[in-house]
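Colleague: File follows, query-v5.pdb with PDB, C-alpha atoms and all ligand atoms:
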ATOM      1  CA  MET A   1       9.900 -12.646   6.496  1.00  0.00           C
ATOM      2  CA  GLU A   2       6.192 -12.925   7.240  1.00  0.00           C
ATOM      3  CA  ARG A   3       3.718 -11.316   4.835  1.00  0.00           C
ATOM      4  CA  SER A   4       0.024 -10.528   4.979  1.00  0.00           C
ATOM      5  CA  PHE A   5      -2.605  -9.468   2.477  1.00  0.00           C
ATOM      6  CA  VAL A   6      -4.615  -6.388   3.424  1.00  0.00           C
ATOM      7  CA  MET A   7      -7.247  -4.696   1.275  1.00  0.00           C
ATOM      8  CA  VAL A   8      -9.184  -1.459   1.677  1.00  0.00           C
ATOM      9  CA  LYS A   9     -12.706  -2.331   0.520  1.00  0.00           C
ATOM     10  CA  PRO A  10     -14.789  -0.204  -1.912  1.00  0.00           C
ATOM     11  CA  ASP A  11     -16.415   1.762   0.939  1.00  0.00           C
ATOM     12  CA  GLY A  12     -12.981   2.795   2.248  1.00  0.00           C
ATOM     13  CA  VAL A  13     -11.685   3.736  -1.217  1.00  0.00           C
ATOM     14  CA  LYS A  14     -14.841   5.773  -1.981  1.00  0.00           C
ATOM     15  CA  ARG A  15     -14.480   7.635   1.290  1.00  0.00           C
ATOM     16  CA  GLY A  16     -10.846   8.525   0.525  1.00  0.00           C
ATOM     17  CA  LEU A  17      -9.422   6.457   3.386  1.00  0.00           C
ATOM     18  CA  ALA A  18      -6.950   4.264   1.456  1.00  0.00           C
ATOM     19  CA  SER A  19      -3.893   6.436   2.094  1.00  0.00           C
ATOM     20  CA  SER A  20      -4.716   6.992   5.792  1.00  0.00           C
ATOM     21  CA  ILE A  21      -5.121   3.257   6.289  1.00  0.00           C
ATOM     22  CA  MET A  22      -1.878   2.456   4.464  1.00  0.00           C
ATOM     23  CA  ALA A  23      -0.129   5.103   6.580  1.00  0.00           C
ATOM     24  CA  ARG A  24      -1.130   3.319   9.795  1.00  0.00           C
ATOM     25  CA  PHE A  25       0.631   0.144   8.692  1.00  0.00           C
ATOM     26  CA  GLU A  26       3.701   2.049   7.517  1.00  0.00           C
ATOM     27  CA  ALA A  27       3.844   4.019  10.774  1.00  0.00           C
ATOM     28  CA  LYS A  28       3.682   0.768  12.737  1.00  0.00           C
ATOM     29  CA  GLY A  29       6.802  -0.360  10.881  1.00  0.00           C
ATOM     30  CA  TYR A  30       5.551  -2.823   8.287  1.00  0.00           C
ATOM     31  CA  ARG A  31       7.009  -2.630   4.805  1.00  0.00           C
ATOM     32  CA  ILE A  32       4.686  -2.303   1.846  1.00  0.00           C
ATOM     33  CA  CYS A  33       5.997  -4.750  -0.724  1.00  0.00           C
ATOM     34  CA  GLY A  34       3.007  -4.572  -3.072  1.00  0.00           C
ATOM     35  CA  ALA A  35       0.113  -2.136  -3.502  1.00  0.00           C
ATOM     36  CA  LYS A  36      -2.441  -1.430  -6.210  1.00  0.00           C
ATOM     37  CA  LEU A  37      -5.881   0.000  -6.881  1.00  0.00           C
ATOM     38  CA  MET A  38      -7.948  -2.589  -8.715  1.00  0.00           C
ATOM     39  CA  GLN A  39     -11.466  -3.583  -9.680  1.00  0.00           C
ATOM     40  CA  MET A  40     -12.226  -7.115  -8.468  1.00  0.00           C
ATOM     41  CA  SER A  41     -14.084  -9.355 -10.930  1.00  0.00           C
ATOM     42  CA  GLU A  42     -17.038 -11.421  -9.744  1.00  0.00           C
ATOM     43  CA  ASP A  43     -14.905 -14.565 -10.178  1.00  0.00           C
ATOM     44  CA  LEU A  44     -12.106 -13.206  -8.013  1.00  0.00           C
ATOM     45  CA  ALA A  45     -14.627 -12.105  -5.365  1.00  0.00           C
ATOM     46  CA  LYS A  46     -16.221 -15.557  -5.260  1.00  0.00           C
ATOM     47  CA  THR A  47     -12.835 -17.259  -5.006  1.00  0.00           C
ATOM     48  CA  HIS A  48     -11.558 -14.866  -2.350  1.00  0.00           C
ATOM     49  CA  TYR A  49     -14.663 -15.366  -0.200  1.00  0.00           C
ATOM     50  CA  ALA A  50     -15.180 -19.080  -1.075  1.00  0.00           C
ATOM     51  CA  GLU A  51     -15.286 -20.050   2.623  1.00  0.00           C
ATOM     52  CA  HIS A  52     -18.514 -18.016   2.955  1.00  0.00           C
ATOM     53  CA  LYS A  53     -20.286 -19.402  -0.103  1.00  0.00           C
ATOM     54  CA  GLU A  54     -23.025 -21.157   1.898  1.00  0.00           C
ATOM     55  CA  ARG A  55     -23.729 -18.084   4.050  1.00  0.00           C
ATOM     56  CA  PRO A  56     -26.950 -16.122   3.456  1.00  0.00           C
ATOM     57  CA  PHE A  57     -24.993 -12.907   2.932  1.00  0.00           C
ATOM     58  CA  PHE A  58     -22.660 -14.336   0.247  1.00  0.00           C
ATOM     59  CA  GLY A  59     -24.421 -12.641  -2.692  1.00  0.00           C
ATOM     60  CA  GLU A  60     -24.466  -9.317  -0.879  1.00  0.00           C
ATOM     61  CA  LEU A  61     -20.773  -9.725   0.019  1.00  0.00           C
ATOM     62  CA  VAL A  62     -19.780 -10.406  -3.606  1.00  0.00           C
ATOM     63  CA  SER A  63     -21.790  -7.476  -4.953  1.00  0.00           C
ATOM     64  CA  PHE A  64     -20.411  -5.147  -2.286  1.00  0.00           C
ATOM     65  CA  ILE A  65     -16.756  -6.092  -2.820  1.00  0.00           C
ATOM     66  CA  THR A  66     -17.126  -5.642  -6.605  1.00  0.00           C
ATOM     67  CA  SER A  67     -19.103  -2.372  -6.296  1.00  0.00           C
ATOM     68  CA  GLY A  68     -16.005  -0.218  -6.863  1.00  0.00           C
ATOM     69  CA  PRO A  69     -12.221  -0.343  -6.771  1.00  0.00           C
ATOM     70  CA  VAL A  70     -10.345  -1.851  -3.839  1.00  0.00           C
ATOM     71  CA  PHE A  71      -6.829  -0.930  -2.684  1.00  0.00           C
ATOM     72  CA  ALA A  72      -4.857  -4.151  -2.245  1.00  0.00           C
ATOM     73  CA  MET A  73      -1.595  -4.368  -0.292  1.00  0.00           C
ATOM     74  CA  VAL A  74       1.043  -6.891   0.686  1.00  0.00           C
ATOM     75  CA  LEU A  75       2.606  -5.997   4.028  1.00  0.00           C
ATOM     76  CA  GLU A  76       5.782  -7.509   5.405  1.00  0.00           C
ATOM     77  CA  GLY A  77       7.191  -7.691   8.918  1.00  0.00           C
ATOM     78  CA  GLU A  78       7.519  -9.829  12.005  1.00  0.00           C
ATOM     79  CA  GLY A  79       4.141 -11.053  13.226  1.00  0.00           C
ATOM     80  CA  VAL A  80       2.313  -8.968  10.615  1.00  0.00           C
ATOM     81  CA  ILE A  81      -0.595 -11.391  10.091  1.00  0.00           C
ATOM     82  CA  GLU A  82      -1.787 -11.381  13.683  1.00  0.00           C
ATOM     83  CA  GLU A  83      -0.846  -7.772  14.387  1.00  0.00           C
ATOM     84  CA  ALA A  84      -2.598  -6.400  11.284  1.00  0.00           C
ATOM     85  CA  ARG A  85      -5.761  -8.230  12.407  1.00  0.00           C
ATOM     86  CA  LYS A  86      -5.456  -6.501  15.796  1.00  0.00           C
ATOM     87  CA  MET A  87      -5.006  -3.132  14.088  1.00  0.00           C
ATOM     88  CA  ILE A  88      -8.062  -3.866  11.901  1.00  0.00           C
ATOM     89  CA  GLY A  89     -10.327  -4.830  14.820  1.00  0.00           C
ATOM     90  CA  LYS A  90     -13.337  -7.103  15.133  1.00  0.00           C
ATOM     91  CA  THR A  91     -15.472  -7.978  12.086  1.00  0.00           C
ATOM     92  CA  ASP A  92     -18.463  -6.037  13.399  1.00  0.00           C
ATOM     93  CA  PRO A  93     -17.375  -2.394  13.756  1.00  0.00           C
ATOM     94  CA  LYS A  94     -19.803  -2.022  16.659  1.00  0.00           C
ATOM     95  CA  GLU A  95     -17.603  -4.454  18.591  1.00  0.00           C
ATOM     96  CA  ALA A  96     -14.291  -3.129  17.272  1.00  0.00           C
ATOM     97  CA  ALA A  97     -12.378  -1.109  19.842  1.00  0.00           C
ATOM     98  CA  PRO A  98     -11.716   2.601  19.247  1.00  0.00           C
ATOM     99  CA  GLY A  99      -8.191   2.927  17.909  1.00  0.00           C
ATOM    100  CA  THR A 100      -8.663   0.005  15.538  1.00  0.00           C
ATOM    101  CA  ILE A 101      -9.338   0.749  11.870  1.00  0.00           C
ATOM    102  CA  ARG A 102     -12.887  -0.642  11.936  1.00  0.00           C
ATOM    103  CA  GLY A 103     -13.478   0.909  15.351  1.00  0.00           C
ATOM    104  CA  ASP A 104     -12.448   4.328  14.068  1.00  0.00           C
ATOM    105  CA  TYR A 105     -13.862   4.364  10.538  1.00  0.00           C
ATOM    106  CA  ALA A 106     -16.844   2.003  10.217  1.00  0.00           C
ATOM    107  CA  ILE A 107     -20.312   1.342  11.619  1.00  0.00           C
ATOM    108  CA  LEU A 108     -21.752  -1.606   9.664  1.00  0.00           C
ATOM    109  CA  LYS A 109     -20.554  -5.214   9.467  1.00  0.00           C
ATOM    110  CA  SER A 110     -21.498  -5.287   5.782  1.00  0.00           C
ATOM    111  CA  GLU A 111     -19.318  -2.204   5.096  1.00  0.00           C
ATOM    112  CA  ASN A 112     -16.410  -2.721   7.438  1.00  0.00           C
ATOM    113  CA  ILE A 113     -13.789  -0.904   5.336  1.00  0.00           C
ATOM    114  CA  ILE A 114     -10.917  -3.388   5.315  1.00  0.00           C
ATOM    115  CA  HIS A 115      -9.906  -7.025   4.905  1.00  0.00           C
ATOM    116  CA  GLY A 116      -6.850  -8.691   6.427  1.00  0.00           C
ATOM    117  CA  SER A 117      -5.636 -12.305   6.168  1.00  0.00           C
ATOM    118  CA  ASP A 118      -6.489 -14.347   9.249  1.00  0.00           C
ATOM    119  CA  SER A 119      -3.764 -17.042   9.099  1.00  0.00           C
ATOM    120  CA  PRO A 120      -0.479 -17.856   7.332  1.00  0.00           C
ATOM    121  CA  GLU A 121      -2.407 -20.165   4.966  1.00  0.00           C
ATOM    122  CA  SER A 122      -4.907 -17.468   3.977  1.00  0.00           C
ATOM    123  CA  ALA A 123      -2.134 -14.889   3.633  1.00  0.00           C
ATOM    124  CA  GLU A 124      -0.272 -17.085   1.161  1.00  0.00           C
ATOM    125  CA  ARG A 125      -3.456 -17.923  -0.744  1.00  0.00           C
ATOM    126  CA  GLU A 126      -4.704 -14.338  -0.899  1.00  0.00           C
ATOM    127  CA  ILE A 127      -1.344 -12.813  -1.872  1.00  0.00           C
ATOM    128  CA  SER A 128      -1.105 -15.203  -4.820  1.00  0.00           C
ATOM    129  CA  LEU A 129      -4.743 -14.575  -5.796  1.00  0.00           C
ATOM    130  CA  PHE A 130      -4.265 -10.807  -6.002  1.00  0.00           C
ATOM    131  CA  PHE A 131      -0.589 -10.280  -6.898  1.00  0.00           C
ATOM    132  CA  SER A 132       1.774 -11.744  -9.473  1.00  0.00           C
ATOM    133  CA  SER A 133       5.345 -12.361  -8.298  1.00  0.00           C
ATOM    134  CA  GLU A 134       6.564  -9.373 -10.399  1.00  0.00           C
ATOM    135  CA  GLU A 135       4.233  -7.076  -8.469  1.00  0.00           C
ATOM    136  CA  ILE A 136       5.857  -7.898  -5.143  1.00  0.00           C
ATOM    137  CA  ILE A 137       9.032  -5.938  -4.513  1.00  0.00           C
ATOM    138  CA  GLU A 138      11.730  -7.125  -2.150  1.00  0.00           C
ATOM    139  CA  GLN A 139      12.767  -3.780  -0.695  1.00  0.00           C
ATOM    140  CA  SER A 140      16.291  -4.961   0.041  1.00  0.00           C
ATOM    141  CA  SER A 141      16.744  -5.638  -3.677  1.00  0.00           C
ATOM    142  CA  ALA A 142      15.222  -2.343  -4.882  1.00  0.00           C
ATOM    143  CA  ALA A 143      17.688  -0.276  -6.910  1.00  0.00           C
ATOM    144  CA  ASN A 144      17.863   2.662  -4.504  1.00  0.00           C
ATOM    145  CA  VAL A 145      18.312   0.744  -1.237  1.00  0.00           C
TER     146      VAL A 145
HETATM  147  O1  LIG A 201     -12.145 -11.846   8.551  1.00  0.00           O
HETATM  148  P1  LIG A 201     -13.236 -10.816   8.716  1.00  0.00           P
HETATM  149  O2  LIG A 201     -13.371  -9.901   7.519  1.00  0.00           O
HETATM  150  O3  LIG A 201     -13.130 -10.030   9.994  1.00  0.00           O
HETATM  151  O4  LIG A 201     -14.612 -11.600   8.862  1.00  0.00           O
HETATM  152  P2  LIG A 201     -15.214 -12.900   8.154  1.00  0.00           P
HETATM  153  O5  LIG A 201     -14.172 -13.676   7.420  1.00  0.00           O
HETATM  154  O6  LIG A 201     -16.033 -13.607   9.183  1.00  0.00           O
HETATM  155  O7  LIG A 201     -16.251 -12.285   7.094  1.00  0.00           O
HETATM  156  C1  LIG A 201     -15.803 -11.767   5.861  1.00  0.00           C
HETATM  157  C2  LIG A 201     -16.591 -10.539   5.531  1.00  0.00           C
HETATM  158  O8  LIG A 201     -17.955 -10.885   5.307  1.00  0.00           O
HETATM  159  C3  LIG A 201     -16.658  -9.500   6.653  1.00  0.00           C
HETATM  160  O9  LIG A 201     -15.530  -8.663   6.680  1.00  0.00           O
HETATM  161  C4  LIG A 201     -17.905  -8.740   6.312  1.00  0.00           C
HETATM  162  C5  LIG A 201     -18.788  -9.787   5.683  1.00  0.00           C
HETATM  163  N1  LIG A 201     -19.798 -10.260   6.629  1.00  0.00           N
HETATM  164  C6  LIG A 201     -19.616 -11.034   7.727  1.00  0.00           C
HETATM  165  N2  LIG A 201     -20.770 -11.251   8.341  1.00  0.00           N
HETATM  166  C7  LIG A 201     -21.714 -10.602   7.610  1.00  0.00           C
HETATM  167  C8  LIG A 201     -21.083  -9.967   6.519  1.00  0.00           C
HETATM  168  N3  LIG A 201     -21.727  -9.239   5.574  1.00  0.00           N
HETATM  169  C9  LIG A 201     -23.049  -9.127   5.713  1.00  0.00           C
HETATM  170  N4  LIG A 201     -23.701  -8.409   4.783  1.00  0.00           N
HETATM  171  N5  LIG A 201     -23.740  -9.717   6.740  1.00  0.00           N
HETATM  172  C10 LIG A 201     -23.124 -10.467   7.710  1.00  0.00           C
HETATM  173  O10 LIG A 201     -23.752 -10.999   8.632  1.00  0.00           O
END
Now that the file is in, can you turn its structure into structure tokens?
Modeller:
Amino acid sequence: MERSFVMVKPDGVKRGLASSIMARFEAKGYRICGAKLMQMSEDLAKTHYAEHKERPFFGELVSFITSGPVFAMVLEGEGVIEEARKMIGKTDPKEAAPGTIRGDYAILKSENIIHGSDSPESAEREISLFFSSEEIIEQSSAANV
């Protein structure tokens, strides 16, 4: 089953939005198979955002994403990668439609509340960067299911 990596950024965690954001994905029908509050190291931030390393905002991006804890999740369900991106909305919250997470909760591109994998390759890469295999629970094999 398809999986995606989604992360509430430090601005979202500080504003107390982590649970509301997780609830949107659960309500949609995706399973949460991993979730944790964590402090990203500078190394992890640089690796996660490696594709942007030549961009002028790279330093700002790394210091923002390490400025406080993030809430990292692995979501599972059919079409979750593309659909979670639709639920998240455009990168710049000013262009994100109302009803999307960025459209509803954010104003600035530099503090746009949430990250979501943009392809199957990034989902696989990001899940393994942030989660060990023991931290990902197959719900069908959980003891009480
Ligand atoms: O996949 P997205 O998060 O929607 O967007 P992306 O991969 O193009 O960019 C990654 C993050 O980098 C984005 O969520 C916010 C940040 N970013 C993008 N453009 C700018 C930016 N941050 C600053 N400070 N300035 C920018 O122009």
Colleague: With all atoms listed in the file as the basis for distance, which of A:Ser20, A:Gln139, A:Ser128, A:Ser119 is at the shortest distance from Gly79 in chain A?
Modeller: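 Closest residue, counting all atoms listed in the file: A:Ser119.
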Colleague: What would the selection look like, as a list in words, if the PyMOL selection byres (((not hetatm)) within 7 of (chain A and resi 201)) were run on the coordinates I just shared?
Modeller: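 With the PyMOL selection byres (((not hetatm)) within 7 of (chain A and resi 201)) on this model, the match is Phe57, Glu60, Leu61, Lys90, Thr91, Lys109, Ser110, Glu111, Asn112, His115, Gly116, Ser117 and Asp118 of chain A.
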Colleague: When you look at Phe25 in chain A with a cut-off of 12 Å (counting only C-alpha atoms), what residues show up, excluding the ones that are within fewer than 4 positions of it in the same chain? I need them as a PDB file with C-alpha atoms, in the frame of the given file.
Modeller:
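Saved file around_6.pdb follows:
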ATOM      1  CA  SER A   4       0.024 -10.528   4.979  1.00  0.00           C
ATOM      2  CA  PHE A   5      -2.605  -9.468   2.477  1.00  0.00           C
ATOM      3  CA  VAL A   6      -4.615  -6.388   3.424  1.00  0.00           C
ATOM      4  CA  MET A   7      -7.247  -4.696   1.275  1.00  0.00           C
ATOM      5  CA  ALA A  18      -6.950   4.264   1.456  1.00  0.00           C
ATOM      6  CA  SER A  19      -3.893   6.436   2.094  1.00  0.00           C
ATOM      7  CA  SER A  20      -4.716   6.992   5.792  1.00  0.00           C
ATOM      8  CA  ILE A  21      -5.121   3.257   6.289  1.00  0.00           C
ATOM      9  CA  GLY A  29       6.802  -0.360  10.881  1.00  0.00           C
ATOM     10  CA  TYR A  30       5.551  -2.823   8.287  1.00  0.00           C
ATOM     11  CA  ARG A  31       7.009  -2.630   4.805  1.00  0.00           C
ATOM     12  CA  ILE A  32       4.686  -2.303   1.846  1.00  0.00           C
ATOM     13  CA  CYS A  33       5.997  -4.750  -0.724  1.00  0.00           C
ATOM     14  CA  MET A  73      -1.595  -4.368  -0.292  1.00  0.00           C
ATOM     15  CA  VAL A  74       1.043  -6.891   0.686  1.00  0.00           C
ATOM     16  CA  LEU A  75       2.606  -5.997   4.028  1.00  0.00           C
ATOM     17  CA  GLU A  76       5.782  -7.509   5.405  1.00  0.00           C
ATOM     18  CA  GLY A  77       7.191  -7.691   8.918  1.00  0.00           C
ATOM     19  CA  VAL A  80       2.313  -8.968  10.615  1.00  0.00           C
ATOM     20  CA  ILE A  81      -0.595 -11.391  10.091  1.00  0.00           C
ATOM     21  CA  GLU A  83      -0.846  -7.772  14.387  1.00  0.00           C
ATOM     22  CA  ALA A  84      -2.598  -6.400  11.284  1.00  0.00           C
ATOM     23  CA  ARG A  85      -5.761  -8.230  12.407  1.00  0.00           C
ATOM     24  CA  LYS A  86      -5.456  -6.501  15.796  1.00  0.00           C
ATOM     25  CA  MET A  87      -5.006  -3.132  14.088  1.00  0.00           C
ATOM     26  CA  ILE A  88      -8.062  -3.866  11.901  1.00  0.00           C
ATOM     27  CA  THR A 100      -8.663   0.005  15.538  1.00  0.00           C
ATOM     28  CA  ILE A 101      -9.338   0.749  11.870  1.00  0.00           C
ATOM     29  CA  GLY A 116      -6.850  -8.691   6.427  1.00  0.00           C
TER      30      GLY A 116
END
Colleague: Can you measure CA of Pro56 in chain A to CA of Pro69 in chain A for me? One decimal in Å is fine.
Modeller: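 Those two atoms sit 23.9 Å apart.
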Colleague: With the PyMOL selection byres (((chain A and resi 36-45) around 10) and not hetatm) as the selection, what would be picked from this file? Answer as a short mmCIF file (atom, residue, chain, number, x, y, z; two decimals) with C-alpha atoms, in the coordinates of the input, please.
Modeller:
data_model
loop_
_atom_site.label_atom_id
_atom_site.label_comp_id
_atom_site.auth_asym_id
_atom_site.auth_seq_id
_atom_site.Cartn_x
_atom_site.Cartn_y
_atom_site.Cartn_z
CA MET A 7 -7.25 -4.70 1.27
CA VAL A 8 -9.18 -1.46 1.68
CA PRO A 10 -14.79 -0.20 -1.91
CA VAL A 13 -11.68 3.74 -1.22
CA ALA A 18 -6.95 4.26 1.46
CA GLY A 34 3.01 -4.57 -3.07
CA ALA A 35 0.11 -2.14 -3.50
CA LYS A 46 -16.22 -15.56 -5.26
CA THR A 47 -12.84 -17.26 -5.01
CA HIS A 48 -11.56 -14.87 -2.35
CA TYR A 49 -14.66 -15.37 -0.20
CA ALA A 50 -15.18 -19.08 -1.08
CA LEU A 61 -20.77 -9.72 0.02
CA VAL A 62 -19.78 -10.41 -3.61
CA SER A 63 -21.79 -7.48 -4.95
CA PHE A 64 -20.41 -5.15 -2.29
CA ILE A 65 -16.76 -6.09 -2.82
CA THR A 66 -17.13 -5.64 -6.60
CA SER A 67 -19.10 -2.37 -6.30
CA GLY A 68 -16.00 -0.22 -6.86
CA PRO A 69 -12.22 -0.34 -6.77
CA VAL A 70 -10.34 -1.85 -3.84
CA PHE A 71 -6.83 -0.93 -2.68
CA ALA A 72 -4.86 -4.15 -2.24
CA MET A 73 -1.60 -4.37 -0.29
CA VAL A 74 1.04 -6.89 0.69
CA LEU A 129 -4.74 -14.58 -5.80
CA PHE A 130 -4.26 -10.81 -6.00
CA PHE A 131 -0.59 -10.28 -6.90
CA GLU A 135 4.23 -7.08 -8.47
#
Colleague: What is the distance between CA of Asp104 in chain A and CA of Glu126 in chain A, in Å to one decimal?
Modeller: 25.1 Å
Colleague: CA of His52 in chain A and CA of Arg125 in chain A are how many Å apart?
Modeller: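 These atoms are spaced 15.5 Å apart.
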Colleague: Using the chain letters and numbering of this document, enumerate as a PyMOL selection string the residues selected by the PyMOL selection byres (((chain A and resi 93) around 8) and not hetatm).
Modeller: chain A and resi 89-92+94-97+102-103+106-109+112
Colleague: Around all of range 111-128 of chain A's listed atoms, make the axis-aligned box with 5 Å on each side and tell me centre and edge lengths in Å to one decimal, as lines of an AutoDock Vina configuration file.
Modeller:
center_x = -9.8
center_y = -10.5
center_z = 2.2
size_x = 29.0
size_y = 29.3
size_z = 24.1
Colleague: Measuring between all atoms listed in the file, which one of A:Phe58, A:Glu78, A:Tyr105, A:Arg3 shows the shortest distance to Arg15 in chain A?
Modeller: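 Ranking A:Phe58, A:Glu78, A:Tyr105, A:Arg3 by distance to Arg15 in chain A, first place goes to A:Tyr105.
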